[in-house]
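Asks: Input run.cif, format and content: mmCIF, C-alpha atoms and all ligand atoms.
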```cif
data_run
loop_
_atom_site.label_atom_id
_atom_site.label_comp_id
_atom_site.auth_asym_id
_atom_site.auth_seq_id
_atom_site.Cartn_x
_atom_site.Cartn_y
_atom_site.Cartn_z
CA MET T 1 0.00 0.00 0.00
CA LYS T 2 0.99 3.60 -0.49
CA ILE T 3 0.59 5.05 3.00
CA GLY T 4 0.54 8.81 3.55
CA LEU T 5 1.66 10.25 6.88
CA ALA T 6 -0.33 13.25 8.09
CA TYR T 7 1.35 15.25 10.83
CA ASP T 8 2.05 18.78 12.01
CA LEU T 9 5.67 19.56 12.80
CA LYS T 10 6.54 22.24 15.36
CA GLU T 11 8.87 23.86 12.85
CA ALA T 12 6.25 23.90 10.08
CA VAL T 13 3.50 25.45 12.20
CA GLY T 14 5.65 28.15 13.82
CA ALA T 15 4.59 30.28 16.76
CA ALA T 16 2.37 33.30 16.13
CA PRO T 17 3.56 36.58 17.70
CA GLY T 18 2.40 37.03 21.30
CA CYS T 19 1.35 33.43 21.80
CA PRO T 20 2.30 31.50 24.97
CA GLU T 21 5.73 29.91 25.24
CA ASP T 22 4.17 26.40 25.02
CA ALA T 23 2.02 27.18 21.94
CA LEU T 24 3.74 24.51 19.81
CA GLU T 25 3.97 21.88 22.52
CA GLU T 26 1.46 19.42 21.04
CA TYR T 27 3.05 19.40 17.59
CA ASP T 28 5.37 16.64 16.49
CA SER T 29 9.08 16.35 15.80
CA PRO T 30 10.72 14.89 12.66
CA GLU T 31 11.92 12.08 14.97
CA THR T 32 8.34 10.83 15.47
CA VAL T 33 7.53 11.00 11.75
CA GLU T 34 10.74 9.13 10.87
CA ALA T 35 10.02 6.49 13.51
CA ILE T 36 6.52 5.82 12.13
CA ALA T 37 7.83 5.69 8.54
CA THR T 38 10.59 3.31 9.62
CA ALA T 39 8.02 1.10 11.34
CA LEU T 40 5.69 0.98 8.31
CA GLU T 41 8.19 0.41 5.48
CA PRO T 42 9.36 -3.09 6.54
CA LEU T 43 5.69 -4.13 6.56
CA GLY T 44 5.85 -3.79 2.77
CA HIS T 45 4.36 -0.30 2.42
CA SER T 46 5.72 2.74 0.66
CA VAL T 47 5.44 5.87 2.79
CA VAL T 48 4.72 9.39 1.57
CA LYS T 49 5.18 12.27 4.02
CA LEU T 50 2.16 14.50 3.51
CA GLY T 51 2.85 17.06 6.25
CA GLY T 52 0.08 19.26 7.61
CA GLY T 53 -2.04 22.30 6.79
CA ARG T 54 -1.97 23.55 3.20
CA GLU T 55 1.00 21.30 2.42
CA PHE T 56 -1.14 18.31 3.42
CA ILE T 57 -4.00 19.45 1.18
CA THR T 58 -1.70 19.84 -1.84
CA ASN T 59 0.03 16.52 -1.19
CA ILE T 60 -3.12 14.49 -0.58
CA LEU T 61 -4.59 15.76 -3.86
CA GLN T 62 -1.43 15.12 -5.88
CA ASN T 63 -0.44 11.68 -4.63
CA ASN T 64 -2.43 8.56 -5.13
CA ILE T 65 -2.61 7.59 -1.48
CA ASP T 66 -4.29 4.32 -0.43
CA PHE T 67 -4.38 4.98 3.28
CA VAL T 68 -3.35 7.76 5.69
CA PHE T 69 -1.65 7.14 9.01
CA ASN T 70 -2.82 10.21 10.87
CA ILE T 71 -1.14 11.95 13.79
CA SER T 72 -2.10 15.48 12.77
CA GLU T 73 -3.01 17.75 15.68
CA GLY T 74 -4.63 20.37 13.44
CA LEU T 75 -4.14 24.12 13.38
CA GLY T 76 -5.36 27.02 15.48
CA ASN T 77 -6.77 26.82 18.99
CA HIS T 78 -10.14 25.49 17.84
CA ARG T 79 -11.55 22.74 20.01
CA SER T 80 -12.18 20.66 16.87
CA ARG T 81 -8.68 21.13 15.40
CA GLU T 82 -7.83 17.41 15.60
CA ALA T 83 -10.82 16.74 13.34
CA GLN T 84 -9.44 18.82 10.47
CA VAL T 85 -7.41 16.13 8.67
CA PRO T 86 -9.86 13.22 9.19
CA ALA T 87 -12.70 15.43 7.93
CA ILE T 88 -10.78 16.14 4.70
CA LEU T 89 -9.99 12.43 4.32
CA GLU T 90 -13.65 11.51 4.75
CA MET T 91 -14.59 14.09 2.13
CA LEU T 92 -12.05 12.55 -0.28
CA ASP T 93 -13.09 9.01 0.70
CA ILE T 94 -9.54 8.06 1.69
CA PRO T 95 -9.12 5.45 4.48
CA TYR T 96 -7.19 6.57 7.56
CA SER T 97 -6.09 5.42 10.99
CA GLY T 98 -7.49 6.56 14.31
CA SER T 99 -10.71 8.09 15.48
CA ASP T 100 -13.17 10.00 13.32
CA PRO T 101 -13.72 13.78 13.31
CA GLN T 102 -16.64 13.67 15.72
CA CYS T 103 -14.74 11.65 18.33
CA LEU T 104 -11.61 13.79 18.02
CA ALA T 105 -13.61 17.00 18.32
CA ILE T 106 -15.42 15.75 21.42
CA CYS T 107 -12.31 14.48 23.20
CA LEU T 108 -10.35 17.71 22.88
CA ASP T 109 -13.24 19.42 24.67
CA LYS T 110 -12.60 18.25 28.24
CA PRO T 111 -15.84 19.51 29.83
CA LEU T 112 -17.97 17.90 27.10
CA THR T 113 -16.01 14.64 27.37
CA LYS T 114 -16.41 14.62 31.15
CA ARG T 115 -20.15 15.19 30.85
CA LEU T 116 -20.51 12.17 28.53
CA VAL T 117 -18.22 10.03 30.68
CA ALA T 118 -20.01 11.00 33.91
CA THR T 119 -23.35 10.15 32.31
CA ALA T 120 -21.96 6.68 31.60
CA GLY T 121 -21.33 6.26 35.33
CA ILE T 122 -17.56 6.82 35.34
CA ARG T 123 -16.11 8.88 38.20
CA THR T 124 -14.50 12.15 37.11
CA PRO T 125 -13.42 15.10 39.30
CA ARG T 126 -16.07 17.78 39.90
CA TRP T 127 -15.58 20.83 37.73
CA GLN T 128 -16.95 24.13 36.63
CA LEU T 129 -16.22 26.31 33.67
CA VAL T 130 -15.07 29.93 33.48
CA THR T 131 -15.81 31.24 30.02
CA ASP T 132 -15.02 34.95 30.40
CA TYR T 133 -13.42 37.57 32.63
CA SER T 134 -16.76 38.75 34.04
CA GLN T 135 -17.13 35.42 35.86
CA LEU T 136 -13.80 35.70 37.67
CA LYS T 137 -15.15 37.92 40.45
CA GLU T 138 -17.67 35.35 41.57
CA ILE T 139 -16.68 31.80 40.74
CA PRO T 140 -19.29 29.87 42.77
CA LEU T 141 -17.14 27.91 45.22
CA ASP T 142 -19.85 27.16 47.78
CA GLY T 143 -19.42 23.47 48.46
CA PHE T 144 -16.73 23.14 45.78
CA PRO T 145 -13.81 21.15 47.18
CA LEU T 146 -10.46 22.92 47.49
CA PRO T 147 -7.68 22.70 46.46
CA ALA T 148 -8.79 23.12 42.86
CA PHE T 149 -6.88 22.53 39.64
CA VAL T 150 -7.18 25.27 37.00
CA LYS T 151 -6.48 24.38 33.36
CA PRO T 152 -7.45 25.25 29.79
CA ALA T 153 -10.54 23.41 28.55
CA TYR T 154 -9.29 22.49 25.06
CA GLU T 155 -5.57 21.80 25.31
CA GLY T 156 -3.17 18.85 25.40
CA SER T 157 0.50 18.12 26.17
CA SER T 158 0.00 19.94 29.50
CA LYS T 159 -0.18 23.32 27.74
CA GLY T 160 -1.02 25.87 30.41
CA ILE T 161 -0.41 23.34 33.21
CA ARG T 162 2.27 24.17 35.78
CA LEU T 163 2.86 23.54 39.48
CA GLY T 164 0.82 26.69 40.13
CA SER T 165 -2.25 25.10 38.49
CA ARG T 166 -3.08 23.69 41.92
CA THR T 167 -4.81 26.49 43.78
CA GLU T 168 -6.02 26.77 47.35
CA THR T 169 -8.08 29.94 47.51
CA ALA T 170 -10.70 31.75 45.46
CA ALA T 171 -8.19 34.55 44.81
CA GLN T 172 -5.60 32.09 43.44
CA ILE T 173 -8.21 30.42 41.24
CA ALA T 174 -9.23 33.79 39.79
CA GLU T 175 -5.60 34.77 39.21
CA VAL T 176 -4.63 31.55 37.36
CA ALA T 177 -7.91 31.50 35.42
CA ALA T 178 -7.42 35.13 34.29
CA GLU T 179 -3.96 34.30 32.94
CA LEU T 180 -5.22 31.24 31.09
CA LEU T 181 -8.17 33.15 29.59
CA GLU T 182 -5.77 35.78 28.32
CA HIS T 183 -3.12 33.47 26.89
CA TYR T 184 -5.08 30.47 25.64
CA ARG T 185 -8.24 32.28 24.43
CA GLN T 186 -10.64 29.53 25.45
CA PRO T 187 -12.70 28.55 28.51
CA VAL T 188 -10.91 27.51 31.70
CA MET T 189 -11.79 24.53 33.87
CA VAL T 190 -11.73 24.72 37.64
CA GLU T 191 -11.52 21.09 38.68
CA GLU T 192 -11.43 19.27 41.99
CA PHE T 193 -7.77 18.42 42.73
CA ILE T 194 -7.12 14.67 42.90
CA ALA T 195 -4.01 14.14 44.97
CA GLY T 196 -2.85 10.55 44.43
CA ASP T 197 -1.11 8.46 41.76
CA GLU T 198 -0.90 9.44 38.09
CA VAL T 199 -2.15 6.50 36.00
CA PRO T 200 -2.14 6.61 32.18
CA VAL T 201 -3.84 3.75 30.36
CA GLY T 202 -3.05 2.59 26.82
CA MET T 203 -5.74 1.14 24.54
CA VAL T 204 -5.30 -0.55 21.16
CA GLY T 205 -7.75 -2.23 18.77
CA ASN T 206 -11.49 -2.35 18.14
CA SER T 207 -14.43 -4.61 18.82
CA PRO T 208 -13.23 -5.40 21.28
CA ALA T 209 -10.66 -2.75 22.06
CA LYS T 210 -8.02 -3.97 24.47
CA VAL T 211 -6.28 -2.36 27.40
CA LEU T 212 -2.65 -2.51 26.34
CA GLY T 213 -1.38 -1.51 29.76
CA ILE T 214 -1.90 0.51 32.91
CA MET T 215 1.11 2.56 34.01
CA ARG T 216 2.10 4.68 36.99
CA VAL T 217 4.13 7.86 36.60
CA LEU T 218 6.29 8.24 39.68
CA ALA T 219 8.23 11.36 40.65
CA LYS T 220 11.92 10.62 41.24
CA LYS T 221 11.96 13.17 44.09
CA SER T 222 9.25 12.75 46.67
CA SER T 223 6.98 15.75 47.28
CA ALA T 224 3.56 16.41 48.84
CA TYR T 225 1.83 15.86 45.49
CA PHE T 226 2.74 15.22 41.87
CA ILE T 227 1.59 17.16 38.83
CA TYR T 228 2.45 15.81 35.40
CA SER T 229 3.01 19.40 34.29
CA LEU T 230 4.59 20.86 31.18
CA GLU T 231 7.95 21.15 32.98
CA VAL T 232 7.83 17.49 34.00
CA LYS T 233 6.86 16.30 30.50
CA ARG T 234 9.76 18.30 29.04
CA GLU T 235 12.29 16.98 31.57
CA TRP T 236 10.79 13.53 31.97
CA GLU T 237 14.11 11.67 31.88
CA GLN T 238 15.35 13.58 34.94
CA LEU T 239 12.11 13.87 36.85
CA VAL T 240 10.01 10.70 36.55
CA ASP T 241 10.08 6.93 36.45
CA TYR T 242 7.50 4.88 34.63
CA GLU T 243 6.13 1.73 36.23
CA CYS T 244 4.28 -0.61 33.90
CA PRO T 245 2.41 -2.75 34.75
CA ALA T 246 1.36 -0.40 37.57
CA GLN T 247 1.83 -1.98 40.97
CA LEU T 248 -1.66 -1.25 42.28
CA GLU T 249 -4.26 -3.40 44.03
CA THR T 250 -6.15 -5.77 41.73
CA GLY T 251 -9.49 -4.12 42.52
CA ILE T 252 -8.18 -0.69 41.50
CA LEU T 253 -6.63 -2.07 38.29
CA GLU T 254 -9.91 -3.81 37.41
CA GLU T 255 -11.92 -0.66 37.91
CA ILE T 256 -9.48 1.37 35.79
CA ALA T 257 -9.50 -1.25 33.01
CA ASN T 258 -13.31 -1.52 32.96
CA SER T 259 -13.73 2.27 33.04
CA SER T 260 -11.20 2.67 30.20
CA LEU T 261 -13.04 0.19 27.97
CA ARG T 262 -16.32 1.93 28.69
CA VAL T 263 -14.93 5.43 28.04
CA PHE T 264 -13.32 4.29 24.76
CA LYS T 265 -16.68 2.90 23.65
CA VAL T 266 -18.91 5.72 24.88
CA LEU T 267 -16.80 8.34 23.10
CA GLY T 268 -16.58 6.28 19.89
CA CYS T 269 -12.78 5.95 19.86
CA ARG T 270 -11.04 3.77 17.29
CA ASP T 271 -7.70 1.96 16.91
CA PHE T 272 -5.77 3.48 19.83
CA ALA T 273 -5.95 5.98 22.64
CA ARG T 274 -4.42 6.93 25.95
CA LEU T 275 -6.57 7.76 28.95
CA ASP T 276 -5.34 9.67 31.97
CA PHE T 277 -6.59 8.71 35.41
CA LYS T 278 -5.63 10.01 38.85
CA LEU T 279 -6.16 8.16 42.09
CA SER T 280 -7.40 9.94 45.17
CA SER T 281 -5.22 9.69 48.30
CA GLU T 282 -7.39 6.69 49.23
CA GLY T 283 -6.78 4.96 45.88
CA VAL T 284 -10.11 5.75 44.19
CA PRO T 285 -9.71 6.19 40.38
CA TYR T 286 -10.90 9.37 38.67
CA PHE T 287 -11.00 9.81 34.89
CA LEU T 288 -9.23 13.05 33.86
CA GLU T 289 -9.22 12.95 30.06
CA ILE T 290 -8.66 10.84 26.95
CA ASN T 291 -6.25 11.33 24.04
CA PRO T 292 -7.51 9.53 20.92
CA LEU T 293 -4.42 10.89 19.16
CA ALA T 294 -2.03 9.73 21.87
CA GLY T 295 1.53 10.96 21.31
CA LEU T 296 3.66 8.46 19.39
CA ASN T 297 7.16 9.80 19.95
CA PRO T 298 9.18 6.58 20.27
CA LYS T 299 11.15 7.83 23.29
CA SER T 300 8.93 10.24 25.21
CA GLY T 301 5.37 9.23 24.28
CA ASP T 302 3.56 7.63 27.23
CA LEU T 303 1.93 5.03 24.97
CA PRO T 304 5.21 3.91 23.33
CA ILE T 305 6.89 3.90 26.77
CA MET T 306 4.09 1.72 28.10
CA ALA T 307 4.28 -0.62 25.10
CA ASN T 308 8.05 -0.88 25.47
CA LYS T 309 7.78 -1.77 29.17
CA LEU T 310 5.35 -4.52 28.23
CA GLY T 311 7.78 -5.98 25.70
CA TRP T 312 6.23 -4.55 22.53
CA SER T 313 8.62 -3.06 20.02
CA TYR T 314 7.69 0.32 18.54
CA GLN T 315 7.01 -1.43 15.26
CA THR T 316 4.60 -3.84 16.94
CA LEU T 317 2.69 -0.87 18.37
CA ILE T 318 2.47 0.96 15.04
CA SER T 319 1.44 -2.18 13.18
CA ALA T 320 -1.22 -2.95 15.82
CA ILE T 321 -2.72 0.52 15.24
CA LEU T 322 -2.49 0.07 11.47
CA ASN T 323 -4.06 -3.39 11.56
CA ALA T 324 -6.90 -2.20 13.78
CA ALA T 325 -7.66 0.55 11.25
CA LEU T 326 -7.33 -1.74 8.21
CA GLN T 327 -10.11 -3.99 9.50
CA ARG T 328 -12.48 -1.12 8.60
CA TYR T 329 -11.20 -1.04 5.04
CA PRO T 330 -11.12 -4.51 3.47
CA GLN T 331 -10.38 -2.86 0.10
CA CYS T 332 -6.93 -1.87 1.47
CA VAL T 333 -6.07 -5.40 2.58
CA ARG T 334 -7.11 -7.23 -0.61
CA GLY T 335 -4.05 -6.53 -2.74
N1 LIG F 401 -8.15 17.59 38.54
C1 LIG F 401 -6.86 17.32 38.64
N2 LIG F 401 -6.33 16.93 39.84
C2 LIG F 401 -5.00 16.67 39.95
N3 LIG F 401 -4.13 16.78 38.95
C3 LIG F 401 -4.61 17.14 37.74
C4 LIG F 401 -5.98 17.42 37.52
N4 LIG F 401 -6.15 17.75 36.22
C5 LIG F 401 -4.93 17.67 35.65
N5 LIG F 401 -3.99 17.31 36.56
C6 LIG F 401 -2.54 17.11 36.34
O1 LIG F 401 -2.14 17.77 35.16
C7 LIG F 401 -1.74 16.81 34.17
C8 LIG F 401 -2.18 17.24 32.80
O2 LIG F 401 -3.59 17.38 32.79
P1 LIG F 401 -4.44 16.90 31.55
O3 LIG F 401 -4.17 15.47 31.28
O4 LIG F 401 -5.85 17.31 31.77
O5 LIG F 401 -3.80 17.83 30.43
P2 LIG F 401 -3.43 17.60 28.92
O6 LIG F 401 -2.80 18.85 28.48
O7 LIG F 401 -4.62 17.13 28.18
O8 LIG F 401 -2.34 16.44 28.95
P3 LIG F 401 -1.86 15.43 27.77
O9 LIG F 401 -2.56 15.76 26.51
O10 LIG F 401 -0.37 15.65 27.71
O11 LIG F 401 -2.19 14.10 28.35
C9 LIG F 401 -2.39 15.50 34.61
O12 LIG F 401 -1.73 14.40 34.07
C10 LIG F 401 -2.27 15.62 36.13
O13 LIG F 401 -0.97 15.36 36.60
MG MG F 402 -3.36 14.25 29.95
#
```
For the structure just supplied, provide its representation as structure tokens.
Ligand SMILES: Nc1ncnc2c1ncn2[C@@H]1O[C@H](COP(=O)(O)OP(=O)(O)OP(=O)(O)O)[C@@H](O)[C@H]1O
Ligand SMILES: [Mg+2]
Replies:
Amino acid sequence: MKIGLAYDLKEAVGAAPGCPEDALEEYDSPETVEAIATALEPLGHSVVKLGGGREFITNILQNNIDFVFNISEGLGNHRSREAQVPAILEMLDIPYSGSDPQCLAICLDKPLTKRLVATAGIRTPRWQLVTDYSQLKEIPLDGFPLPAFVKPAYEGSSKGIRLGSRTETAAQIAEVAAELLEHYRQPVMVEEFIAGDEVPVGMVGNSPAKVLGIMRVLAKKSSAYFIYSLEVKREWEQLVDYECPAQLETGILEEIANSSLRVFKVLGCRDFARLDFKLSSEGVPYFLEINPLAGLNPKSGDLPIMANKLGWSYQTLISAILNAALQRYPQCVRG
């Protein structure tokens, strides 16, 4: 097959003047694109690098692509930006990997995702939304548990998330929320702070999807609480250890696995995803968010790290995602 790679490189997108220092954080590096190409070629495919944005549009129209392996994050700060490339591919009737535009658009919108997940009976931290400056004076905190975590509603890669995202007073909440409103130009979530373990979950496949693994992210230096913040994700080699399989009680692992399968299904995810859970201090799991376009950097991506710890090579992971997608498109498998 002739497989096109759709991706957005940091260097191709470029930062707009005045945007936050982490504006390009979710975009990929040439290393990730090379790694995926190198994993696909030995499977007998030829790989065409399509890039992102306008370059992607030109390339997809000019090349006769059978299938697109999609890791494109999309452009702008729109909550549906991850849906941009899959929507074009659906319009052109070109098969592609990963979730569809509707799923991707929902999952980047954390409050909407949490509403759907909560309706399905999965525990998620309490939250409220601040949509503009006028609300900052009177965020209704009556009965809202403090400390609270304050973060952008439509971001990933811990954009806008620092140690100071954990706030203890109404004044701190208003201060952090005001900064986020200004810099990220989108609603801000004020969420109940969940103090315990950080537990990402990897999922691969369809009908049934499978839990690839449940991991724990452990700070190398002990502190009162851990936040998997932007700083930590950038300096992960120095700051954290990854434990996979997570050494947690069987009952907790079962609940996380069952919740993950349910969330994947309720949100209509396909082929692969990574879910982020936190445990309370008492070990109760809370769903934070899901990444249907989980990062695939071979060294720093949580899903590849998890796969590696479980004895999967990077190529096995990429081919599992590809094979899951190809089951939807028998026309691609025939020849
Ligand atoms: N309610 C919360 N309570 C405690 N910690 C939180 C909470 N929300 C977020 N965090 C911390 O901040 C980290 C990043 O948050 P979140 O996963 O929502 O952001 P993200 O930008 O979508 O991340 P990514 O896309 O890289 O997974 C979490 O992994 C967790 O460590
Ligand atoms: Mg996350």
Asks: Distance table requested - stretch 109-215 of chain T against stretch 80-97 of chain T, cut-off 12 Å, only C-alpha atoms: one row per qualifying residue with the closest atom pair and its distance in Å to one decimal, ordered by chain and rising residue number, as a Markdown table.
Replies:
```
| residue | atom | partner | partner_atom | distance |
| --- | --- | --- | --- | --- |
| T:Asp109 | CA | T:Ser80 | CA | 8.0 |
| T:Lys110 | CA | T:Ser80 | CA | 11.6 |
| T:Tyr154 | CA | T:Ser80 | CA | 8.9 |
| T:Glu155 | CA | T:Arg81 | CA | 10.4 |
| T:Gly156 | CA | T:Glu82 | CA | 10.9 |
| T:Val204 | CA | T:Ser97 | CA | 11.8 |
| T:Gly205 | CA | T:Ser97 | CA | 11.0 |
| T:Asn206 | CA | T:Ser97 | CA | 11.9 |
```
Asks: Residues within 7 Å of ligand LIG 401 (chain F), counting all atoms listed in the file: report them as JSON, numbers by chain.
Replies: {"T": [125, 149, 155, 156, 157, 158, 159, 161, 191, 192, 193, 194, 195, 198, 226, 227, 228, 229, 276, 278, 288, 289, 291]}
Asks: For T:Glu31, which residue out of T:Gly74, T:Leu230, T:Leu5, T:Pro298 is the nearest one, using all atoms listed in the file?
Replies: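 Result for the nearest residue to T:Glu31: T:Pro298.
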Asks: Pick from T:Lys2, T:Arg185, T:Lys210, T:Lys151: nearest to ligand MG 402 (chain F), with all atoms listed in the file counted?
Replies: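 Between T:Lys2, T:Arg185, T:Lys210, T:Lys151, the residue approaching ligand MG 402 (chain F) most closely is T:Lys151.
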Asks: If we count all atoms listed in the file and set the cut-off at 6 Å, which residues sit around T:Ala324, ignoring sequence neighbours fewer than 2 positions away in its own chain? Please answer as a PyMOL selection string.
Replies: chain T and resi 205+271+321-322+326-327
Asks: Store the residues picked out above, limited to C-alpha atoms, as a PDB file, keeping the file's coordinate frame.
Replies:
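Done, and the output landed in result-v5.pdb:
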```pdb
ATOM      1  CA  GLY T 205      -7.750  -2.230  18.770  1.00  0.00           C
ATOM      2  CA  ASP T 271      -7.700   1.960  16.910  1.00  0.00           C
ATOM      3  CA  ILE T 321      -2.720   0.520  15.240  1.00  0.00           C
ATOM      4  CA  LEU T 322      -2.490   0.070  11.470  1.00  0.00           C
ATOM      5  CA  LEU T 326      -7.330  -1.740   8.210  1.00  0.00           C
ATOM      6  CA  GLN T 327     -10.110  -3.990   9.500  1.00  0.00           C
TER       7      GLN T 327
END
```
Asks: Residues within 7 Å of T:Arg166, please, as a PyMOL selection string. Count all atoms listed in the file; anything in the same chain fewer than 3 positions from it doesn't count.
Replies: chain T and resi 147-150+163
Asks: Would you list the residues near (-16.3, 20.9, 18.9), meaning any protein, DNA or RNA residue with an atom at most 8 Å from that point in file coordinates, counting all atoms listed in the file, as number ranges by chain?
Replies: T: 78-80, 102, 105-106, 108-109
Asks: Output, as JSON, the centre and edge lengths in Å (one decimal) of the axis-aligned box that contains all listed atoms of stretch 54-68 of chain T with 6 Å of margin on each side.
Replies:
```
{"center_x": -1.8, "center_y": 13.9, "center_z": -0.1, "size_x": 17.6, "size_y": 31.2, "size_z": 23.6}
```
Asks: Determine the nearest neighbour of ligand MG 402 (chain F) from the options T:Leu180, T:Val284, T:Cys107, T:Ala209, counting all atoms listed in the file.
Replies: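 Among the listed residues, the smallest separation from ligand MG 402 (chain F) belongs to T:Cys107.
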Asks: Would you list the contacts of T:Tyr27 as a PyMOL selection string, taking every protein, DNA or RNA residue within 7 Å and counting only C-alpha atoms, but skipping same-chain residues closer than 6 positions in sequence?
Replies: chain T and resi 8-10+73
Asks: Have a look at atom CA of T:Leu43 and atom CA of T:Lys265 and let me know their distance in Å, one decimal.
Replies: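 Rounded to one decimal, the two atoms are 29.0 Å apart.
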Asks: How many Å separate atom CA of T:Val130 from atom CA of T:Gly283?
Replies: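 We find that atom CA of T:Val130 and atom CA of T:Gly283 lie 29.1 Å from each other.
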Asks: Please identify all polymer residues within 12 Å of T:Ser29, counting all atoms listed in the file, omitting same-chain residues fewer than 6 positions from it, and present them as an MDAnalysis selection string.
Replies: chainID T and resid 7:13 35:36 51 71:72 295:301
Asks: Let me make sure I understand: among T:Val333, T:Cys19, T:Pro304, T:Asn64, which one has the smallest atom-to-atom distance to T:Thr32 if we use only C-alpha atoms?
Replies: T:Pro304
Asks: Return the single residue from T:Pro330, T:Pro187, T:Gly311, T:Gly164 that is closest to T:Thr131, with distances computed using only C-alpha atoms.
Replies: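 Ranking T:Pro330, T:Pro187, T:Gly311, T:Gly164 by distance to T:Thr131, first place goes to T:Pro187.
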Asks: I need the residue nearest T:Leu50 from this list: T:Gly268, T:Pro152, T:Pro30, T:Gly4. Use only C-alpha atoms for the distance.
Replies: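 Closest candidate: T:Gly4.
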Asks: By how many Å are atom CA of T:Asp100 and atom CA of T:Thr124 apart?
Replies: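 Computed distance, atom CA of T:Asp100 to atom CA of T:Thr124, equals 23.9 Å.
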